[in-house]
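Asker: Contents of start08.pdb (PDB, C-alpha atoms) are given next:
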ATOM      1  CA  VAL A   1     140.164   1.003 -18.482  1.00  0.00           C
ATOM      2  CA  SER A   2     137.556   3.309 -17.034  1.00  0.00           C
ATOM      3  CA  ASP A   3     135.885   4.307 -13.799  1.00  0.00           C
ATOM      4  CA  THR A   4     132.675   5.241 -15.614  1.00  0.00           C
ATOM      5  CA  ARG A   5     132.122   3.118 -18.710  1.00  0.00           C
ATOM      6  CA  THR A   6     129.788   0.146 -18.885  1.00  0.00           C
ATOM      7  CA  PRO A   7     129.518  -2.505 -21.619  1.00  0.00           C
ATOM      8  CA  GLU A   8     126.750  -0.381 -23.162  1.00  0.00           C
ATOM      9  CA  THR A   9     128.701   2.898 -23.110  1.00  0.00           C
ATOM     10  CA  ASP A  10     132.126   1.483 -23.982  1.00  0.00           C
ATOM     11  CA  LYS A  11     132.161   2.770 -27.571  1.00  0.00           C
ATOM     12  CA  SER A  12     135.967   2.564 -27.813  1.00  0.00           C
ATOM     13  CA  GLY A  13     136.048  -1.060 -26.664  1.00  0.00           C
ATOM     14  CA  GLN A  14     133.287  -1.881 -29.139  1.00  0.00           C
ATOM     15  CA  LEU A  15     135.288  -0.181 -31.902  1.00  0.00           C
ATOM     16  CA  ILE A  16     138.433  -2.175 -31.066  1.00  0.00           C
ATOM     17  CA  ARG A  17     136.486  -5.447 -31.267  1.00  0.00           C
ATOM     18  CA  GLN A  18     134.783  -4.406 -34.521  1.00  0.00           C
ATOM     19  CA  LEU A  19     138.038  -3.410 -36.218  1.00  0.00           C
ATOM     20  CA  LEU A  20     139.816  -6.585 -35.101  1.00  0.00           C
ATOM     21  CA  GLU A  21     136.988  -8.821 -36.308  1.00  0.00           C
ATOM     22  CA  GLU A  22     136.742  -6.988 -39.646  1.00  0.00           C
ATOM     23  CA  LYS A  23     140.403  -7.865 -40.249  1.00  0.00           C
ATOM     24  CA  GLY A  24     139.881 -11.507 -39.254  1.00  0.00           C
ATOM     25  CA  HIS A  25     141.398 -11.324 -35.769  1.00  0.00           C
ATOM     26  CA  PRO A  26     139.294 -13.265 -33.243  1.00  0.00           C
ATOM     27  CA  VAL A  27     138.674 -11.549 -29.915  1.00  0.00           C
ATOM     28  CA  ALA A  28     139.598 -13.868 -27.046  1.00  0.00           C
ATOM     29  CA  GLY A  29     138.020 -11.727 -24.334  1.00  0.00           C
ATOM     30  CA  HIS A  30     136.866  -8.294 -23.278  1.00  0.00           C
ATOM     31  CA  ARG A  31     136.500  -6.683 -19.898  1.00  0.00           C
ATOM     32  CA  ILE A  32     136.194  -3.233 -18.411  1.00  0.00           C
ATOM     33  CA  VAL A  33     138.381  -2.604 -15.373  1.00  0.00           C
ATOM     34  CA  ARG A  34     138.568   0.466 -13.186  1.00  0.00           C
ATOM     35  CA  ASP A  35     141.505   2.811 -13.498  1.00  0.00           C
ATOM     36  CA  GLU A  36     143.267   1.137 -10.578  1.00  0.00           C
ATOM     37  CA  TYR A  37     146.822  -0.163 -10.811  1.00  0.00           C
ATOM     38  CA  ALA A  38     145.958  -3.473  -9.091  1.00  0.00           C
ATOM     39  CA  GLU A  39     142.980  -4.145 -11.367  1.00  0.00           C
ATOM     40  CA  ILE A  40     144.932  -3.377 -14.532  1.00  0.00           C
ATOM     41  CA  SER A  41     147.840  -5.532 -13.350  1.00  0.00           C
ATOM     42  CA  ALA A  42     145.482  -8.419 -12.564  1.00  0.00           C
ATOM     43  CA  LEU A  43     143.908  -8.130 -16.010  1.00  0.00           C
ATOM     44  CA  LEU A  44     147.329  -8.198 -17.660  1.00  0.00           C
ATOM     45  CA  ARG A  45     148.341 -11.301 -15.681  1.00  0.00           C
ATOM     46  CA  GLU A  46     145.087 -13.048 -16.582  1.00  0.00           C
ATOM     47  CA  ALA A  47     145.457 -12.182 -20.270  1.00  0.00           C
ATOM     48  CA  ALA A  48     149.067 -13.380 -20.220  1.00  0.00           C
ATOM     49  CA  GLU A  49     147.832 -16.809 -19.097  1.00  0.00           C
ATOM     50  CA  ASN A  50     145.118 -17.028 -21.766  1.00  0.00           C
ATOM     51  CA  PRO A  51     146.491 -19.244 -24.580  1.00  0.00           C
ATOM     52  CA  ALA A  52     143.885 -17.845 -26.994  1.00  0.00           C
ATOM     53  CA  ALA A  53     145.217 -14.289 -26.576  1.00  0.00           C
ATOM     54  CA  GLU A  54     148.232 -13.218 -28.593  1.00  0.00           C
ATOM     55  CA  ALA A  55     147.871  -9.475 -28.112  1.00  0.00           C
ATOM     56  CA  ILE A  56     146.412  -7.428 -25.291  1.00  0.00           C
ATOM     57  CA  LEU A  57     144.825  -4.135 -26.277  1.00  0.00           C
ATOM     58  CA  LEU A  58     143.851  -1.631 -23.615  1.00  0.00           C
ATOM     59  CA  ASN A  59     142.192   1.717 -24.012  1.00  0.00           C
ATOM     60  CA  GLY A  60     141.819   4.444 -21.441  1.00  0.00           C
ATOM     61  CA  GLY A  61     143.833   5.657 -18.480  1.00  0.00           C
ATOM     62  CA  THR A  62     146.767   6.885 -20.563  1.00  0.00           C
ATOM     63  CA  GLY A  63     146.471  10.591 -19.805  1.00  0.00           C
ATOM     64  CA  ILE A  64     148.103  12.668 -17.097  1.00  0.00           C
ATOM     65  CA  ALA A  65     145.283  12.880 -14.542  1.00  0.00           C
ATOM     66  CA  ARG A  66     146.043  11.501 -11.097  1.00  0.00           C
ATOM     67  CA  ARG A  67     143.765   8.482 -11.755  1.00  0.00           C
ATOM     68  CA  ASP A  68     145.446   7.603 -15.088  1.00  0.00           C
ATOM     69  CA  VAL A  69     147.647   4.619 -14.178  1.00  0.00           C
ATOM     70  CA  THR A  70     147.357   2.333 -17.216  1.00  0.00           C
ATOM     71  CA  VAL A  71     150.813   3.276 -18.472  1.00  0.00           C
ATOM     72  CA  GLU A  72     152.446   2.542 -15.116  1.00  0.00           C
ATOM     73  CA  ALA A  73     150.743  -0.869 -14.875  1.00  0.00           C
ATOM     74  CA  VAL A  74     151.682  -1.764 -18.452  1.00  0.00           C
ATOM     75  CA  ARG A  75     155.261  -0.487 -18.224  1.00  0.00           C
ATOM     76  CA  ASP A  76     155.851  -2.605 -15.112  1.00  0.00           C
ATOM     77  CA  VAL A  77     155.116  -5.865 -17.005  1.00  0.00           C
ATOM     78  CA  LEU A  78     156.810  -5.145 -20.325  1.00  0.00           C
ATOM     79  CA  GLY A  79     159.852  -7.165 -21.245  1.00  0.00           C
ATOM     80  CA  LYS A  80     160.548  -4.893 -24.196  1.00  0.00           C
ATOM     81  CA  GLU A  81     158.979  -1.527 -24.855  1.00  0.00           C
ATOM     82  CA  LEU A  82     158.119  -0.350 -28.379  1.00  0.00           C
ATOM     83  CA  PRO A  83     158.693   3.393 -27.970  1.00  0.00           C
ATOM     84  CA  GLY A  84     157.859   3.992 -31.633  1.00  0.00           C
ATOM     85  CA  PHE A  85     154.203   3.209 -30.965  1.00  0.00           C
ATOM     86  CA  GLY A  86     153.757   6.109 -28.567  1.00  0.00           C
ATOM     87  CA  GLU A  87     155.979   8.383 -30.623  1.00  0.00           C
ATOM     88  CA  LEU A  88     154.087   7.732 -33.849  1.00  0.00           C
ATOM     89  CA  PHE A  89     150.705   7.863 -32.124  1.00  0.00           C
ATOM     90  CA  ARG A  90     151.500  11.316 -30.742  1.00  0.00           C
ATOM     91  CA  TYR A  91     152.872  12.473 -34.110  1.00  0.00           C
ATOM     92  CA  LEU A  92     149.783  11.283 -35.974  1.00  0.00           C
ATOM     93  CA  SER A  93     147.517  12.815 -33.319  1.00  0.00           C
ATOM     94  CA  PHE A  94     149.367  16.104 -33.658  1.00  0.00           C
ATOM     95  CA  ALA A  95     149.345  16.091 -37.457  1.00  0.00           C
ATOM     96  CA  GLU A  96     145.836  14.763 -38.103  1.00  0.00           C
ATOM     97  CA  ASP A  97     143.734  15.488 -35.132  1.00  0.00           C
ATOM     98  CA  ILE A  98     144.421  17.338 -31.965  1.00  0.00           C
ATOM     99  CA  GLY A  99     147.461  19.521 -32.458  1.00  0.00           C
ATOM    100  CA  SER A 100     149.662  20.313 -29.497  1.00  0.00           C
ATOM    101  CA  ALA A 101     147.321  18.530 -27.055  1.00  0.00           C
ATOM    102  CA  ALA A 102     149.009  15.346 -28.362  1.00  0.00           C
ATOM    103  CA  ILE A 103     151.694  15.905 -25.723  1.00  0.00           C
ATOM    104  CA  LEU A 104     149.143  14.770 -23.108  1.00  0.00           C
ATOM    105  CA  SER A 105     148.976  11.249 -24.541  1.00  0.00           C
ATOM    106  CA  ARG A 106     151.052   8.489 -22.974  1.00  0.00           C
ATOM    107  CA  ALA A 107     150.189   5.675 -25.402  1.00  0.00           C
ATOM    108  CA  ILE A 108     152.563   2.741 -24.862  1.00  0.00           C
ATOM    109  CA  ALA A 109     153.255  -0.679 -26.372  1.00  0.00           C
ATOM    110  CA  GLY A 110     155.647  -3.554 -25.957  1.00  0.00           C
ATOM    111  CA  THR A 111     155.969  -7.249 -25.284  1.00  0.00           C
ATOM    112  CA  MET A 112     155.022  -9.229 -22.223  1.00  0.00           C
ATOM    113  CA  GLY A 113     156.476 -12.675 -22.659  1.00  0.00           C
ATOM    114  CA  ARG A 114     155.016 -13.959 -25.923  1.00  0.00           C
ATOM    115  CA  LYS A 115     152.210 -11.390 -25.982  1.00  0.00           C
ATOM    116  CA  ALA A 116     152.048  -7.971 -27.577  1.00  0.00           C
ATOM    117  CA  VAL A 117     150.576  -5.215 -25.413  1.00  0.00           C
ATOM    118  CA  PHE A 118     149.149  -1.959 -26.738  1.00  0.00           C
ATOM    119  CA  ALA A 119     147.668   0.740 -24.499  1.00  0.00           C
ATOM    120  CA  MET A 120     145.926   3.613 -26.239  1.00  0.00           C
ATOM    121  CA  PRO A 121     143.810   6.531 -25.081  1.00  0.00           C
ATOM    122  CA  GLY A 122     140.117   5.960 -24.437  1.00  0.00           C
ATOM    123  CA  SER A 123     138.459   8.249 -26.967  1.00  0.00           C
ATOM    124  CA  THR A 124     136.982   6.645 -30.068  1.00  0.00           C
ATOM    125  CA  GLY A 125     139.019   9.008 -32.267  1.00  0.00           C
ATOM    126  CA  ALA A 126     142.237   7.914 -30.578  1.00  0.00           C
ATOM    127  CA  VAL A 127     141.265   4.248 -30.839  1.00  0.00           C
ATOM    128  CA  TRP A 128     140.440   4.654 -34.538  1.00  0.00           C
ATOM    129  CA  LEU A 129     143.791   6.317 -35.162  1.00  0.00           C
ATOM    130  CA  ALA A 130     145.834   3.771 -33.178  1.00  0.00           C
ATOM    131  CA  MET A 131     144.034   0.762 -34.619  1.00  0.00           C
ATOM    132  CA  THR A 132     143.857   1.791 -38.285  1.00  0.00           C
ATOM    133  CA  ARG A 133     147.212   3.531 -38.640  1.00  0.00           C
ATOM    134  CA  LEU A 134     149.466   1.555 -36.274  1.00  0.00           C
ATOM    135  CA  ILE A 135     148.153  -1.608 -34.633  1.00  0.00           C
ATOM    136  CA  LEU A 136     146.264  -3.362 -37.424  1.00  0.00           C
ATOM    137  CA  PRO A 137     148.881  -2.636 -40.114  1.00  0.00           C
ATOM    138  CA  GLU A 138     151.685  -4.024 -37.898  1.00  0.00           C
ATOM    139  CA  ILE A 139     150.145  -6.648 -35.595  1.00  0.00           C
ATOM    140  CA  GLY A 140     151.113  -9.530 -37.898  1.00  0.00           C
ATOM    141  CA  HIS A 141     154.696  -8.301 -38.100  1.00  0.00           C
ATOM    142  CA  VAL A 142     154.845  -7.763 -34.334  1.00  0.00           C
ATOM    143  CA  MET A 143     153.616 -11.298 -33.669  1.00  0.00           C
ATOM    144  CA  ARG A 144     156.028 -12.836 -36.198  1.00  0.00           C
ATOM    145  CA  GLU A 145     158.910 -11.117 -34.412  1.00  0.00           C
ATOM    146  CA  ILE A 146     157.683 -12.290 -31.000  1.00  0.00           C
ATOM    147  CA  TYR A 147     157.378 -15.888 -32.219  1.00  0.00           C
ATOM    148  CA  LYS A 148     160.630 -15.814 -34.186  1.00  0.00           C
ATOM    149  CA  ASP A 149     162.634 -17.456 -31.411  1.00  0.00           C
ATOM    150  CA  ALA A 150     160.051 -20.143 -30.683  1.00  0.00           C
TER     151      ALA A 150
END
Mind turning this structure into structure tokens?

Answerer:
Amino acid sequence: VSDTRTPETDKSGQLIRQLLEEKGHPVAGHRIVRDEYAEISALLREAAENPAAEAILLNGGTGIARRDVTVEAVRDVLGKELPGFGELFRYLSFAEDIGSAAILSRAIAGTMGRKAVFAMPGSTGAVWLAMTRLILPEIGHVMREIYKDA
């Protein structure tokens, strides 16, 4: 989610794809959308209809600037929120990386139907932290829980 990134400059998106593929998770799609509520919502709806996608990972637009609306768009489609994702992301950011500036992060995760949704900040450091410490270690468990009632 960015008003300025292109496929060539989207280092965080490239890192997400690389880390997923290294762990054997196929990437069903990738797109850059502007930090606009309607565009993010449309992307979420489209991903929800993609049978090849089990999880939807977004990066960017999670700060507190006026244009940062990823969290609002994601929160509005979640059936269940996973507050621990944001809590742990901020804790790890505080402890390992950025200190008290961690309070500016609004990372969020939850379920949307039978899909997992994770929204993380746009910096490559934040993506590395979220992917390696939280998302990749737990994505299998998250999906098993989502599919448990199938």

Asker: Name every residue that the PyMOL selection byres ((chain A and resi 110-119) around 8) selects in this structure, writing the answer as a PyMOL selection string with chains first and numbers rising.

Answerer: chain A and resi 48+53-60+62+70-71+74+77-83+107-109+120-121+135+142-143+146-147

Asker: Report, in Å to a single decimal, how far apart atom CA of A:Leu136 and atom CA of A:Lys11 are.

Answerer: 18.3 Å

Asker: Skip stretch 16-19 of chain A itself and residues of its chain fewer than 6 positions away, then list as a compact mmCIF listing (two decimals) with C-alpha atoms, keeping the file's coordinate frame all residues within 8 Å of it, counting all atoms listed in the file.

Answerer:
# COMPACT_ATOMS: atom_id res chain seq x y z
CA VAL A 27 138.67 -11.55 -29.92
CA VAL A 127 141.26 4.25 -30.84
CA TRP A 128 140.44 4.65 -34.54
CA MET A 131 144.03 0.76 -34.62

Asker: Which is closest to A:Arg106 among A:Gln14, A:Glu138, A:Arg75, A:Gly63, if we use only C-alpha atoms?

Answerer: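 Of A:Gln14, A:Glu138, A:Arg75, A:Gly63, the one nearest A:Arg106, counting only C-alpha atoms, is A:Gly63.
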
Asker: Could you check how far atom CA of A:Ala52 sits from atom CA of A:Leu88, in Å to one decimal?

Answerer: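 Here the two named atoms are 28.4 Å from each other.
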
Asker: What is the distance between atom CA of A:Glu39 and atom CA of A:Ala73, in Å to one decimal?

Answerer: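 Those two atoms sit 9.1 Å apart.
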
Asker: Which of these residues is nearest to A:Ala101, using all atoms listed in the file: A:Leu134, A:Glu46, A:Gly29, A:Ile64?

Answerer: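 Going through A:Leu134, A:Glu46, A:Gly29, A:Ile64 one by one, the smallest distance to A:Ala101 is for A:Ile64.
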
Asker: Return the single residue from A:Thr4, A:Thr124, A:Ser12, A:Ser93 that is closest to A:Asp35, with distances computed using all atoms listed in the file.

Answerer: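 Closest residue, counting all atoms listed in the file: A:Thr4.
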
Asker: Nearest to A:Gly125 among A:Ser100, A:Phe89, A:Asp76, A:Gly24, with distances taken over all atoms listed in the file: which residue is it?

Answerer: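 Closest residue, counting all atoms listed in the file: A:Phe89.
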
Asker: Counting all atoms listed in the file, which residue out of A:Gly84, A:Pro51, A:Pro137, A:Gly122 sits closest to A:Asp10?

Answerer: A:Gly122

Asker: Considering all atoms listed in the file, state which residue in the set A:Phe94, A:Ser123, A:Ile32, A:Ala42 is at the smallest distance from A:Thr6.

Answerer: A:Ile32

Asker: Kindly resolve the PyMOL selection byres ((chain A and resi 36) around 9) on the present coordinates and return the residues as a list in words.

Answerer: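 Matching residues under the PyMOL selection byres ((chain A and resi 36) around 9) are Val1, Ser2, Asp3, Val33, Arg34, Asp35, Tyr37, Ala38, Glu39, Ile40, Ser41, Arg67, Asp68, Val69, Thr70 and Ala73 of chain A.
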
Asker: With C-alpha atoms retained, export the selected residues as a tab-separated table (two decimals), in the coordinates of the input.

Answerer:
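Result file is result.tsv:
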chain	number	residue	atom	x	y	z
A	1	VAL	CA	140.16	1.00	-18.48
A	2	SER	CA	137.56	3.31	-17.03
A	3	ASP	CA	135.88	4.31	-13.80
A	33	VAL	CA	138.38	-2.60	-15.37
A	34	ARG	CA	138.57	0.47	-13.19
A	35	ASP	CA	141.50	2.81	-13.50
A	37	TYR	CA	146.82	-0.16	-10.81
A	38	ALA	CA	145.96	-3.47	-9.09
A	39	GLU	CA	142.98	-4.14	-11.37
A	40	ILE	CA	144.93	-3.38	-14.53
A	41	SER	CA	147.84	-5.53	-13.35
A	67	ARG	CA	143.76	8.48	-11.76
A	68	ASP	CA	145.45	7.60	-15.09
A	69	VAL	CA	147.65	4.62	-14.18
A	70	THR	CA	147.36	2.33	-17.22
A	73	ALA	CA	150.74	-0.87	-14.88
